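Asker: One structure follows; several queries about it will come next.
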Amino acid sequence: VTGAHYRADHIFYAEVSAPNGTCIGYVSTVETDSLSVSIKSSLRKRAVQLAKSLLIPSADVQIGEVAVLADIDGEDKSVNSLLHKIPSPATLLPNTMTPPRPFNLMFSTTVGPSSTNRTDSIAYLRPETAQGIFCNFRNLLATSRLAPPFGIAQIGKAFRNEISARNFVFRSREFEQMEIEYFVSPDTKWEPLYEEWINDYWHFLVSIGLIPHKLARDVHKGDKLA
C-alpha cells in the first residue's frame, strides 16, 4: 500500500485481548536504535490506540507474548491467516503486508555471445572485494615472499542490493570498497600485534591531519562483531 520495506527480523508483533480473553486484534512495531523506546512499550501504546478505536477501555486490554515476524514461515499456508491479521507498521492496518521474502543481495548477468535462456552462462557480479584476498592468499604469500604478520589492502568495485544496518531498507547498487586484512601466524600471540597495529594506524591518521582528540577507539564486543 505504502511501498515501504522492512526487514522481517525488525518487526515485532503481539496479540491484544479484551478482559474476557477474547482476541480483539494484533499490534506491531519496528525495532529502532533508540534505547529509550522498548518494544514492549511501543506495542502497548499501539494496543491502547486499537482499544480506543474499538471503544474498549484501554486499561483493560492485555498484550500477549511478543514475537518477531521473521519466525513466520511465509510458505506455510496455515499461518497466512495470522500474517494477514498483523498490521503493517506503516499503515497500522491488517492485511497490508506481503509474506517475508528472501532479499536478493547479488546481481546476475550472462557470459558469452549467445546466452539466451542458458542457465549455465549465468554469472554474478562480485558483492564483496575481500574474497580476492582470501581466495588468492596462497599466491599472494608466494609472490610477495612475506611471512606473517603482514597486511593486504585493496580497493575496487562491488555490486549488491545493500541492506542498511538501520530499521529500513536502503538500496545501493554500486560500491567503491577499500579493504584491509591483517594476517598473524596461528602460533603467535595476536594481542601485542593488534595493539601495535592500532598505535601505528593512529599515528598515521594524525600525520595526515586528523585531529587527535576527535579520534576514539570503538571496541566491538559479542554480537556486534562483524
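Ordering of the C-alpha cells sets the chain letters (A, B, ...), residue numbers begin anew at 1 in every chain, and ligands are numbered from 1 in the order given.
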Set the distance at 12 Å and use only C-alpha atoms: which residues neighbour Asn20 of chain A once local chain neighbours fewer than 2 positions away are removed? I'd like the list as a list of chain:residue names.
Answerer: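 Listed by chain and then number, they are A:Val16, A:Ser17, A:Ala18, A:Thr22, A:Cys23, A:Ile24, A:Ile56, A:Asp60, A:Val61, A:Gln62.
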Asker: Quick one: residues within 6 Å of Arg173 of chain A, only C-alpha atoms counted, chain neighbours fewer than 4 positions away excluded, as a count of residues only?
Answerer: 3
Asker: Can you work out which one of A:Asp218, A:Glu15, A:Asp223, A:Glu174 has the shortest atom-to-atom distance to Ile86 of chain A, counting only C-alpha atoms?
Answerer: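 The closest residue to Ile86 of chain A is A:Glu15.
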Asker: I need the helix (DSSP H, G or I) residues of segment 26-164 of chain A per DSSP on the backbone, written as a PyMOL selection string.
Answerer: chain A and resi 39-53+58-60+69-71+77-85+119-121+131-135+137-144
Asker: Output N, CA and C atoms for every residue in that selection, as a CSV table (one decimal), in the first residue's frame.
Answerer:
chain,number,residue,atom,x,y,z
A,39,ILE,N,10.5,-2.3,22.9
A,39,ILE,CA,9.5,-3.0,22.0
A,39,ILE,C,8.2,-3.1,22.7
A,40,LYS,N,8.2,-3.5,24.0
A,40,LYS,CA,7.0,-3.8,24.8
A,40,LYS,C,6.2,-2.5,24.9
A,41,SER,N,6.9,-1.4,25.2
A,41,SER,CA,6.2,-0.1,25.5
A,41,SER,C,5.6,0.4,24.2
A,42,SER,N,6.3,0.2,23.0
A,42,SER,CA,5.7,0.6,21.8
A,42,SER,C,4.5,-0.2,21.4
A,43,LEU,N,4.5,-1.5,21.6
A,43,LEU,CA,3.4,-2.3,21.4
A,43,LEU,C,2.2,-1.9,22.3
A,44,ARG,N,2.5,-1.6,23.5
A,44,ARG,CA,1.5,-1.2,24.5
A,44,ARG,C,0.8,0.1,24.0
A,45,LYS,N,1.5,1.0,23.5
A,45,LYS,CA,1.0,2.2,23.0
A,45,LYS,C,0.0,2.0,21.8
A,46,ARG,N,0.4,1.1,21.0
A,46,ARG,CA,-0.5,0.8,19.8
A,46,ARG,C,-1.7,0.0,20.2
A,47,ALA,N,-1.5,-0.8,21.3
A,47,ALA,CA,-2.7,-1.6,21.8
A,47,ALA,C,-3.7,-0.6,22.4
A,48,VAL,N,-3.3,0.4,23.0
A,48,VAL,CA,-4.2,1.4,23.6
A,48,VAL,C,-4.9,2.1,22.4
A,49,GLN,N,-4.2,2.4,21.3
A,49,GLN,CA,-4.9,3.0,20.2
A,49,GLN,C,-5.9,2.1,19.6
A,50,LEU,N,-5.6,0.8,19.5
A,50,LEU,CA,-6.5,-0.2,19.0
A,50,LEU,C,-7.8,-0.3,19.9
A,51,ALA,N,-7.6,-0.3,21.2
A,51,ALA,CA,-8.7,-0.4,22.1
A,51,ALA,C,-9.6,0.8,22.0
A,52,LYS,N,-9.0,2.0,21.9
A,52,LYS,CA,-9.8,3.2,21.7
A,52,LYS,C,-10.7,3.2,20.4
A,53,SER,N,-10.1,2.6,19.4
A,53,SER,CA,-10.8,2.6,18.1
A,53,SER,C,-12.0,1.6,18.2
A,58,SER,N,-9.0,1.2,27.5
A,58,SER,CA,-7.6,0.8,27.2
A,58,SER,C,-6.9,0.2,28.4
A,59,ALA,N,-7.3,0.5,29.6
A,59,ALA,CA,-6.6,-0.1,30.8
A,59,ALA,C,-6.9,-1.5,30.9
A,60,ASP,N,-8.0,-2.0,30.3
A,60,ASP,CA,-8.4,-3.4,30.4
A,60,ASP,C,-7.8,-4.4,29.4
A,69,LEU,N,8.4,-11.2,13.4
A,69,LEU,CA,7.7,-11.6,12.1
A,69,LEU,C,8.6,-12.6,11.3
A,70,ALA,N,9.9,-12.5,11.5
A,70,ALA,CA,10.8,-13.4,10.7
A,70,ALA,C,10.5,-14.9,11.1
A,71,ASP,N,9.9,-15.1,12.2
A,71,ASP,CA,9.7,-16.5,12.6
A,71,ASP,C,8.4,-17.1,11.9
A,77,LYS,N,0.9,-22.3,4.5
A,77,LYS,CA,-0.4,-21.7,4.2
A,77,LYS,C,-1.2,-21.6,5.5
A,78,SER,N,-0.9,-22.4,6.5
A,78,SER,CA,-1.6,-22.4,7.8
A,78,SER,C,-1.4,-21.1,8.6
A,79,VAL,N,-0.3,-20.4,8.3
A,79,VAL,CA,-0.1,-19.2,9.0
A,79,VAL,C,-0.4,-17.9,8.2
A,80,ASN,N,-0.9,-18.1,7.0
A,80,ASN,CA,-1.2,-17.0,6.2
A,80,ASN,C,-2.3,-16.1,6.8
A,81,SER,N,-3.3,-16.8,7.5
A,81,SER,CA,-4.3,-16.0,8.1
A,81,SER,C,-3.8,-15.2,9.2
A,82,LEU,N,-2.8,-15.7,10.0
A,82,LEU,CA,-2.1,-14.9,11.0
A,82,LEU,C,-1.4,-13.7,10.4
A,83,LEU,N,-0.7,-13.9,9.3
A,83,LEU,CA,0.1,-12.9,8.7
A,83,LEU,C,-0.9,-11.7,8.3
A,84,HIS,N,-2.0,-12.1,7.8
A,84,HIS,CA,-3.0,-11.1,7.3
A,84,HIS,C,-3.6,-10.3,8.5
A,85,LYS,N,-3.6,-10.9,9.7
A,85,LYS,CA,-4.1,-10.2,10.8
A,85,LYS,C,-3.2,-9.2,11.5
A,119,THR,N,21.1,-21.4,-18.5
A,119,THR,CA,21.4,-21.2,-17.1
A,119,THR,C,22.9,-21.4,-16.8
A,120,ASP,N,23.6,-22.2,-17.7
A,120,ASP,CA,25.0,-22.4,-17.4
A,120,ASP,C,25.9,-21.2,-17.8
A,121,SER,N,25.3,-20.1,-18.3
A,121,SER,CA,26.1,-19.0,-18.6
A,121,SER,C,25.8,-17.8,-17.6
A,131,GLN,N,37.0,-11.2,-0.9
A,131,GLN,CA,37.2,-12.6,-1.2
A,131,GLN,C,38.4,-12.8,-2.0
A,132,GLY,N,38.8,-11.8,-2.8
A,132,GLY,CA,40.0,-12.0,-3.6
A,132,GLY,C,41.3,-12.2,-2.8
A,133,ILE,N,41.3,-11.5,-1.6
A,133,ILE,CA,42.4,-11.6,-0.7
A,133,ILE,C,42.5,-13.0,-0.2
A,134,PHE,N,41.4,-13.6,0.2
A,134,PHE,CA,41.4,-14.9,0.8
A,134,PHE,C,41.6,-16.1,-0.3
A,135,CYS,N,40.9,-15.9,-1.4
A,135,CYS,CA,41.0,-16.9,-2.4
A,135,CYS,C,42.4,-17.0,-3.0
A,137,PHE,N,45.1,-16.1,-1.4
A,137,PHE,CA,46.1,-15.9,-0.4
A,137,PHE,C,47.4,-16.7,-0.6
A,138,ARG,N,47.3,-17.9,-1.0
A,138,ARG,CA,48.5,-18.7,-1.3
A,138,ARG,C,49.4,-18.1,-2.3
A,139,ASN,N,48.8,-17.6,-3.4
A,139,ASN,CA,49.5,-17.0,-4.5
A,139,ASN,C,50.2,-15.7,-4.0
A,140,LEU,N,49.4,-14.9,-3.2
A,140,LEU,CA,50.0,-13.7,-2.6
A,140,LEU,C,51.1,-14.0,-1.7
A,141,LEU,N,51.0,-15.0,-0.9
A,141,LEU,CA,52.1,-15.4,0.0
A,141,LEU,C,53.3,-15.8,-0.7
A,142,ALA,N,53.2,-16.5,-1.8
A,142,ALA,CA,54.3,-17.0,-2.6
A,142,ALA,C,55.0,-15.8,-3.4
A,143,THR,N,54.2,-15.0,-4.0
A,143,THR,CA,54.8,-13.9,-4.8
A,143,THR,C,55.3,-12.8,-4.0
A,144,SER,N,54.7,-12.5,-2.9
A,144,SER,CA,55.2,-11.3,-2.1
A,144,SER,C,56.4,-11.7,-1.2
Asker: Return as number ranges by chain the full set of residues in segment 132-211 of chain A whose backbone-based DSSP assignment is strand (DSSP E).
Answerer: A: 150-159, 174-183
Asker: Find the distance between atom CA of Val30 of chain A and atom CA of Pro89 of chain A and write it in Å to one decimal.
Answerer: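 These two atoms are separated by 6.6 Å.
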